[in-house]
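First the structure, in the form of structure tokens, and then the observations on it.
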Amino acid sequence: MQNPLALPFPELLLRAALAFSFVYPAIHALIDPYAWVGYIPGFVLGILPLGEVTVLHLWGAIEIALALWVLCGRRILIPALAMGLALLAVVLSNLSQFAILFRDLPIAAIAFALAWMHRAHA
Amino acid sequence: MNTKVAWIAVVVIVALALIWFFSGMNRAAAPTESSATTDTATSSEPVAPAPVETDKGTLPAATVVTLTDAGFSPASVTVSAGQTVRFVNDSSRSMWIGADEHPTHTEYDGTSTREHCVEGAAVGGAFDQCQAVPRGASWEFTFTKAGTFGFHNHTGASSVGTVIVR
């Protein structure tokens with residue numbers, strides 16, 4: 001467990017930015033799930049025998065876990081990589097919505113930068 | 001940068017974000033409170049809507065757009081003003097037709113989903129189904145003004161299409 005307050009401020013900002021981008025949709029999905037369910041890749045719903053809103057909330061729980069890990073964890077290579085790949089998957093599976101989702105690419109870059117910074121912990 | 005100043009900045013930013021978030025949450029929650037006893041799209045998995053009786057004899061023949069797992073077919077249709085388009089869900093996921101942009105559906109009449117969706121139905125002529133329906137269900141919308149209107153499946157936003165109204 002890493003005390004985020006002990007982190008260098010630039011790294012804290014990177015971690016907090018990435019964590020916030022995952023926590024916000026997870027929480028907002030509890031209020032308005034259909035604002036977010038449309039971004040779930042179709043193949044995911046094909047694999048899981050669950051309703052789309054249920055899948056959304058399960059993913060929300062994973063998002064919060066990843067966010068906490070990347071905010072407070074010492075070895076964040078794995079969550080940072082997972083978050084970057086998840087963002088890329090969302091963009092690539094919804095290219096028709098690129099005008100909305102283009103900001104996910106720089107957030108993915110933040111995730112990959114953090115993963116690169118912690119690559120020695122692999 | 002002084003660490004104390006940096007932390008004060010972080011606290012202020014987080015506080016402002018929380019204030020903004022919770023003020024928005026109250027606005028978003030309002031419609032569902034008034035429809036707590038109904039099957040609204042925001043509170044549960046989609047259910048088929050109750051059938052609505054209409055006098056089909058007075059309506060022009062509807063143009064049919066089918067939603068499949070591969071997207072809308074046809075992806076673009078041209079109709080005359082006053083003509084109805086019927087959207088049929090033949091996909092494996094639910095269907096909620098809405099005007100672009102996702103997820104606010106503002107491009108048809110300038111109002112957002114939060115404004116024009118009341119208890120699972122659009123008010124004021126907005127091009128928005130306002131609820132998710134399962135496979136086999138359909139929804140009709142009559143276009144009353146000319147223009148080119150993009151639409152998408154709100155519950156599967158990679159599926160998009162266009163209606164051209166002359």
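Each chain in the structure tokens gets a letter, A, B and so on, in the order shown; residues start at 1 in every chain, and ligands are counted from 1 in the order they appear.
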
Contacts of chain A with chain B up to 8 Å, shortest pair per row, only C-alpha atoms, as a tab-separated table:
residue	atom	partner	partner_atom	distance
A:Phe9	CA	B:Ala6	CA	7.4
A:His28	CA	B:Met25	CA	7.9
A:Ile31	CA	B:Ala29	CA	6.8
A:Asp32	CA	B:Thr42	CA	5.8
A:Pro33	CA	B:Thr42	CA	6.3
A:Tyr34	CA	B:Thr155	CA	6.3
A:Ala35	CA	B:Pro103	CA	5.6
A:Trp36	CA	B:Thr155	CA	7.9
A:Val37	CA	B:Thr155	CA	5.5
A:Gly38	CA	B:Thr155	CA	3.8
A:Tyr39	CA	B:Ala157	CA	6.0
A:Ile40	CA	B:Gly156	CA	7.1
A:Pro41	CA	B:Gly156	CA	7.8
A:Gly42	CA	B:Gly156	CA	7.4
A:Leu45	CA	B:Arg93	CA	7.9
A:Gly51	CA	B:Glu45	CA	6.8
A:Glu52	CA	B:Glu45	CA	7.6
A:Val53	CA	B:Glu45	CA	6.5
A:Ser93	CA	B:Ser158	CA	7.0
A:Asn94	CA	B:Ser158	CA	4.7
A:Leu95	CA	B:Ser158	CA	6.8
A:Ser96	CA	B:Ser158	CA	5.6
A:Gln97	CA	B:Ser158	CA	6.6
A:Ile100	CA	B:His102	CA	7.7

Show me, as a list in words, the residues that have an atom within 8 Å of stretch 74-84 of chain A when counting only C-alpha atoms, minus same-chain residues fewer than 3 positions from it.
Met1, Gln2, Leu66, Trp69, Val70, Leu87, Leu88, Ile107, Ala108, Ala109, Ile110, Ala111, Phe112, Leu114, Ala115, Trp116, His118, Arg119, His121 and Ala122 of chain A

Writing out the chosen residues with C-alpha atoms as a PDB file, in the first residue's frame:
ATOM      1  CA  MET A   1       0.000   0.000   0.000  1.00  0.00           C
ATOM      2  CA  GLN A   2       1.370   3.352  -1.057  1.00  0.00           C
ATOM      3  CA  LEU A  66      -8.323  -0.515 -10.638  1.00  0.00           C
ATOM      4  CA  TRP A  69      -4.946   0.195  -7.011  1.00  0.00           C
ATOM      5  CA  VAL A  70      -3.417   2.786  -9.294  1.00  0.00           C
ATOM      6  CA  LEU A  87      -9.608   2.556 -22.824  1.00  0.00           C
ATOM      7  CA  LEU A  88      -8.198   1.535 -26.181  1.00  0.00           C
ATOM      8  CA  ILE A 107      -6.001   9.182 -20.830  1.00  0.00           C
ATOM      9  CA  ALA A 108      -4.753   5.849 -22.162  1.00  0.00           C
ATOM     10  CA  ALA A 109      -1.425   7.548 -22.791  1.00  0.00           C
ATOM     11  CA  ILE A 110      -1.359   8.612 -19.130  1.00  0.00           C
ATOM     12  CA  ALA A 111      -1.982   4.990 -18.159  1.00  0.00           C
ATOM     13  CA  PHE A 112       0.811   3.731 -20.396  1.00  0.00           C
ATOM     14  CA  LEU A 114       2.508   5.322 -15.543  1.00  0.00           C
ATOM     15  CA  ALA A 115       3.043   1.706 -16.568  1.00  0.00           C
ATOM     16  CA  TRP A 116       6.329   2.675 -18.186  1.00  0.00           C
ATOM     17  CA  HIS A 118       6.802   1.385 -13.005  1.00  0.00           C
ATOM     18  CA  ARG A 119       8.111  -1.138 -15.527  1.00  0.00           C
ATOM     19  CA  HIS A 121       8.393  -3.692 -10.891  1.00  0.00           C
ATOM     20  CA  ALA A 122       7.318  -6.225 -13.509  1.00  0.00           C
TER      21      ALA A 122
END

Give me the residues near A:Glu63 as number ranges by chain, where near means some atom within 7 Å (using only C-alpha atoms) and where sequence neighbours in that chain fewer than 6 positions away do not count.
A: 22-23, 26

Expected file: the selected residues, N, CA and C atoms, as a PDB file, in the first residue's frame:
ATOM      1  N   PHE A  22     -11.760   6.634 -14.169  1.00  0.00           N
ATOM      2  CA  PHE A  22     -12.393   5.325 -14.010  1.00  0.00           C
ATOM      3  C   PHE A  22     -13.461   5.326 -12.913  1.00  0.00           C
ATOM      4  N   VAL A  23     -13.276   6.141 -11.896  1.00  0.00           N
ATOM      5  CA  VAL A  23     -14.253   6.175 -10.795  1.00  0.00           C
ATOM      6  C   VAL A  23     -15.528   6.893 -11.232  1.00  0.00           C
ATOM      7  N   ALA A  26     -18.052   4.796 -13.215  1.00  0.00           N
ATOM      8  CA  ALA A  26     -18.584   3.712 -12.374  1.00  0.00           C
ATOM      9  C   ALA A  26     -19.678   4.231 -11.445  1.00  0.00           C
TER      10      ALA A  26
END

Just list the residues in chain A DSSP gives helix (DSSP H, G or I) on the backbone, as a PyMOL selection string.
chain A and resi 4-6+9-31+33-35+37-39+42-47+52-72+77-92+95-101+104-117+119-121

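The gap separating atom CA of A:Asp104 from atom CA of A:Asn3 is 26.8 Å, in Å to one decimal.
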
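Atom CA of A:Ala29 is found 13.0 Å from atom CA of A:Ile62.
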
Selected residue of minimal separation from B:Ser80 among B:Gly161, B:Pro134, B:Thr144, B:Gly150, counting only C-alpha atoms
B:Thr144

List the neighbours of B:Gly110 out to 12 Å using only C-alpha atoms; skip same-chain residues closer than 2 positions along the sequence, and give me the result as a ChimeraX atom specification.
/B:99-101,104-108,112-116,124-128

Put those residues in a file: N, CA and C atoms, as an mmCIF file, in the first residue's frame.
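The result, stored in selection_9.cif:
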data_model
loop_
_atom_site.group_PDB
_atom_site.id
_atom_site.type_symbol
_atom_site.label_atom_id
_atom_site.label_comp_id
_atom_site.auth_asym_id
_atom_site.auth_seq_id
_atom_site.Cartn_x
_atom_site.Cartn_y
_atom_site.Cartn_z
ATOM 1 N N ALA B 99 -31.418 10.444 -31.263
ATOM 2 C CA ALA B 99 -30.698 11.328 -32.179
ATOM 3 C C ALA B 99 -29.264 11.479 -31.696
ATOM 4 N N ASP B 100 -28.343 11.755 -32.609
ATOM 5 C CA ASP B 100 -26.976 12.083 -32.199
ATOM 6 C C ASP B 100 -27.018 13.385 -31.401
ATOM 7 N N GLU B 101 -26.059 13.759 -30.617
ATOM 8 C CA GLU B 101 -24.880 13.044 -30.238
ATOM 9 C C GLU B 101 -25.185 12.088 -29.089
ATOM 10 N N THR B 104 -26.360 12.409 -25.292
ATOM 11 C CA THR B 104 -27.306 13.454 -24.892
ATOM 12 C C THR B 104 -28.506 13.604 -25.835
ATOM 13 N N HIS B 105 -28.347 13.189 -27.093
ATOM 14 C CA HIS B 105 -29.450 13.196 -28.071
ATOM 15 C C HIS B 105 -30.008 14.594 -28.315
ATOM 16 N N THR B 106 -29.106 15.518 -28.545
ATOM 17 C CA THR B 106 -29.520 16.919 -28.667
ATOM 18 C C THR B 106 -29.694 17.395 -30.104
ATOM 19 N N GLU B 107 -29.202 16.664 -31.081
ATOM 20 C CA GLU B 107 -29.076 17.246 -32.427
ATOM 21 C C GLU B 107 -30.402 17.440 -33.161
ATOM 22 N N TYR B 108 -31.451 16.722 -32.770
ATOM 23 C CA TYR B 108 -32.717 16.873 -33.512
ATOM 24 C C TYR B 108 -33.452 18.147 -33.130
ATOM 25 N N SER B 112 -31.850 17.852 -24.468
ATOM 26 C CA SER B 112 -31.114 16.642 -24.099
ATOM 27 C C SER B 112 -32.055 15.602 -23.499
ATOM 28 N N THR B 113 -31.541 14.400 -23.381
ATOM 29 C CA THR B 113 -32.327 13.309 -22.804
ATOM 30 C C THR B 113 -32.878 13.675 -21.430
ATOM 31 N N ARG B 114 -32.049 14.336 -20.648
ATOM 32 C CA ARG B 114 -32.505 14.740 -19.311
ATOM 33 C C ARG B 114 -33.725 15.656 -19.377
ATOM 34 N N GLU B 115 -33.793 16.429 -20.457
ATOM 35 C CA GLU B 115 -34.886 17.402 -20.569
ATOM 36 C C GLU B 115 -36.133 16.810 -21.215
ATOM 37 N N HIS B 116 -35.930 15.985 -22.273
ATOM 38 C CA HIS B 116 -37.122 15.577 -23.036
ATOM 39 C C HIS B 116 -37.616 14.162 -22.723
ATOM 40 N N GLY B 124 -42.408 16.825 -26.382
ATOM 41 C CA GLY B 124 -42.032 17.939 -27.252
ATOM 42 C C GLY B 124 -41.539 17.529 -28.626
ATOM 43 N N GLY B 125 -41.813 16.291 -29.040
ATOM 44 C CA GLY B 125 -41.433 15.873 -30.380
ATOM 45 C C GLY B 125 -39.971 15.527 -30.543
ATOM 46 N N ALA B 126 -39.278 15.260 -29.462
ATOM 47 C CA ALA B 126 -37.866 14.909 -29.563
ATOM 48 C C ALA B 126 -37.694 13.533 -30.210
ATOM 49 N N PHE B 127 -36.638 13.404 -30.998
ATOM 50 C CA PHE B 127 -36.313 12.140 -31.669
ATOM 51 C C PHE B 127 -35.515 11.294 -30.680
ATOM 52 N N ASP B 128 -36.239 10.612 -29.820
ATOM 53 C CA ASP B 128 -35.591 9.846 -28.748
ATOM 54 C C ASP B 128 -36.588 8.820 -28.230
#

Shell around A:Arg15 at 7 Å using only C-alpha atoms, local window under 3 positions removed, as a short mmCIF file (atom, residue, chain, number, x, y, z; two decimals) with C-alpha atoms, in the first residue's frame:
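Contents of the output file selection_36.cif:
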data_model
loop_
_atom_site.label_atom_id
_atom_site.label_comp_id
_atom_site.auth_asym_id
_atom_site.auth_seq_id
_atom_site.Cartn_x
_atom_site.Cartn_y
_atom_site.Cartn_z
CA GLU A 11 3.02 11.43 -10.30
CA LEU A 12 0.17 11.98 -7.89
CA LEU A 18 -6.34 8.19 -14.31
CA ALA A 19 -8.20 7.05 -11.20
CA VAL A 70 -3.42 2.79 -9.29
CA LEU A 71 -3.94 5.54 -6.72
#

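Straight-line separation from atom CA of B:Gly82 to atom CA of B:Gln129: 17.6 Å.
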